[in-house]
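**Student:** Attaching a single structure in C-alpha cells format; questions to follow.
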Amino acid sequence: MRLHGPNTTELETVELATPGTGEQQPPHRTGRWWRGLTGSLAAGLLVLALFVLVVQIVSSLNDSEGPGVVAVLGHLAGAALAVVAQLVVDRRRGRVAGVAGLCVLAIAGGVLWLFWWA
C-alpha cells in the first residue's frame with residue numbers, strides 16, 4: 001500500500017483563527033493568571049448571591065428577619081454584571097479584557113463594601 005504515489009493528493013493544512021484577530025496566539029502567562037483571578041471573583045459573587053437568596057427564602061418561610069430584598073437584589077445584580085464582564089475577559093484580549101477585568105474587581109469590591117462591610 002502506497003501512501004504517497006503519483007495518484008495521491010496531499011491536502012493543505014489550514015489553521016483556524018478567531019475572526020478579526022488574524023493569527024491566534026496562546027494567552028500570555030499573565031493573561032491566564034488575570035483571567036483566573038477575575039473568573040474566581042465572578043464565580044464567588046455568583047455563589048454568594050445564590051447563598052443570600054436561599055437565606056432570604058428560608059428566613060421568609062420561618063417568619064424571621066433575613067438579609068432583605070435590597071441585599072438580595074444587589075447581590076444578584078452584582079453577580080450578573082460580574083459574570084457578563086468575565087465573559088468579555090474570557091473572549092477578548094488586550095485593553096478590553098483588562099478593563100473588563102477591572103470591572104469585575106470593582107463590582108466585587110462594591111458588593112462586598114455595600115452589603116458586608118459598610
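Letters A, B, ... mark the chains of the C-alpha cells in the order given; residue numbers begin at 1 per chain; ligand numbers begin at 1, in order shown.
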List the neighbours of Trp34 of chain A out to 12 Å using only C-alpha atoms; skip same-chain residues closer than 2 positions along the sequence, and give me the result as a list in words.
**Tutor:**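 In the requested format, the answer is Pro27, His28, Arg29, Thr30, Gly31, Arg32, Gly36, Leu37, Thr38, Gly39, Ser40, Leu41, Gln86, Val89, Asp90, Arg93, Gly94, Ala97, Gly98, Val99, Ala100, Gly101, Leu102, Val104 and Leu105 of chain A.
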**Student:** Quick one: residues within 12 Å of Leu112 of chain A, only C-alpha atoms, excluding same-chain residues fewer than 2 positions away - as an MDAnalysis selection string?
**Tutor:** chainID A and resid 41 44:45 48:49 71 74:75 78:79 105:110 114:118
**Student:** Residues as selected, C-alpha atoms, written as a PDB file, in the first residue's frame, can you do that?
**Tutor:**
```
ATOM      1  CA  LEU A  41     -14.174  36.502  41.800  1.00  0.00           C
ATOM      2  CA  GLY A  44     -17.582  33.637  44.013  1.00  0.00           C
ATOM      3  CA  LEU A  45     -20.036  36.516  43.638  1.00  0.00           C
ATOM      4  CA  LEU A  48     -22.596  34.361  47.327  1.00  0.00           C
ATOM      5  CA  ALA A  49     -25.667  35.791  45.577  1.00  0.00           C
ATOM      6  CA  ALA A  71     -29.492  42.973  49.673  1.00  0.00           C
ATOM      7  CA  GLY A  74     -27.976  43.882  44.970  1.00  0.00           C
ATOM      8  CA  HIS A  75     -26.106  40.595  45.209  1.00  0.00           C
ATOM      9  CA  GLY A  78     -23.641  42.402  41.088  1.00  0.00           C
ATOM     10  CA  ALA A  79     -23.169  38.734  40.249  1.00  0.00           C
ATOM     11  CA  LEU A 105     -12.756  43.685  40.615  1.00  0.00           C
ATOM     12  CA  ALA A 106     -14.752  46.899  41.095  1.00  0.00           C
ATOM     13  CA  ILE A 107     -18.089  45.064  41.133  1.00  0.00           C
ATOM     14  CA  ALA A 108     -16.812  42.512  43.655  1.00  0.00           C
ATOM     15  CA  GLY A 109     -15.416  45.273  45.842  1.00  0.00           C
ATOM     16  CA  GLY A 110     -18.626  47.272  45.557  1.00  0.00           C
ATOM     17  CA  LEU A 114     -22.109  47.896  50.298  1.00  0.00           C
ATOM     18  CA  PHE A 115     -23.598  44.720  51.719  1.00  0.00           C
ATOM     19  CA  TRP A 116     -20.977  43.310  54.071  1.00  0.00           C
ATOM     20  CA  TRP A 117     -18.533  45.940  55.326  1.00  0.00           C
ATOM     21  CA  ALA A 118     -20.467  49.224  55.406  1.00  0.00           C
TER      22      ALA A 118
END
```
**Student:** Using only C-alpha atoms, which residue out of A:Leu87, A:Val111, A:Cys103, A:Ala43 lies closest to Leu73 of chain A?
**Tutor:**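 Smallest separation from Leu73 of chain A among the options: A:Val111.
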**Student:** If we count only C-alpha atoms and set the cut-off at 10 Å, which residues sit around Glu65 of chain A, ignoring sequence neighbours fewer than 6 positions away in its own chain? Please answer as a list in words.
**Tutor:**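 Everything that qualifies: Val55, Gln56, Val58 and Ser59 of chain A.
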**Student:** What does the distance between atom CA of Ala82 of chain A and atom CA of Leu46 of chain A come to in Å, to one decimal place?
**Tutor:**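 Value for the atom CA of Ala82 of chain A-atom CA of Leu46 of chain A distance: 8.4 Å.
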**Student:** Which distance in Å separates atom CA of Leu53 of chain A and atom CA of Ala80 of chain A, to one decimal?
**Tutor:** 13.7 Å
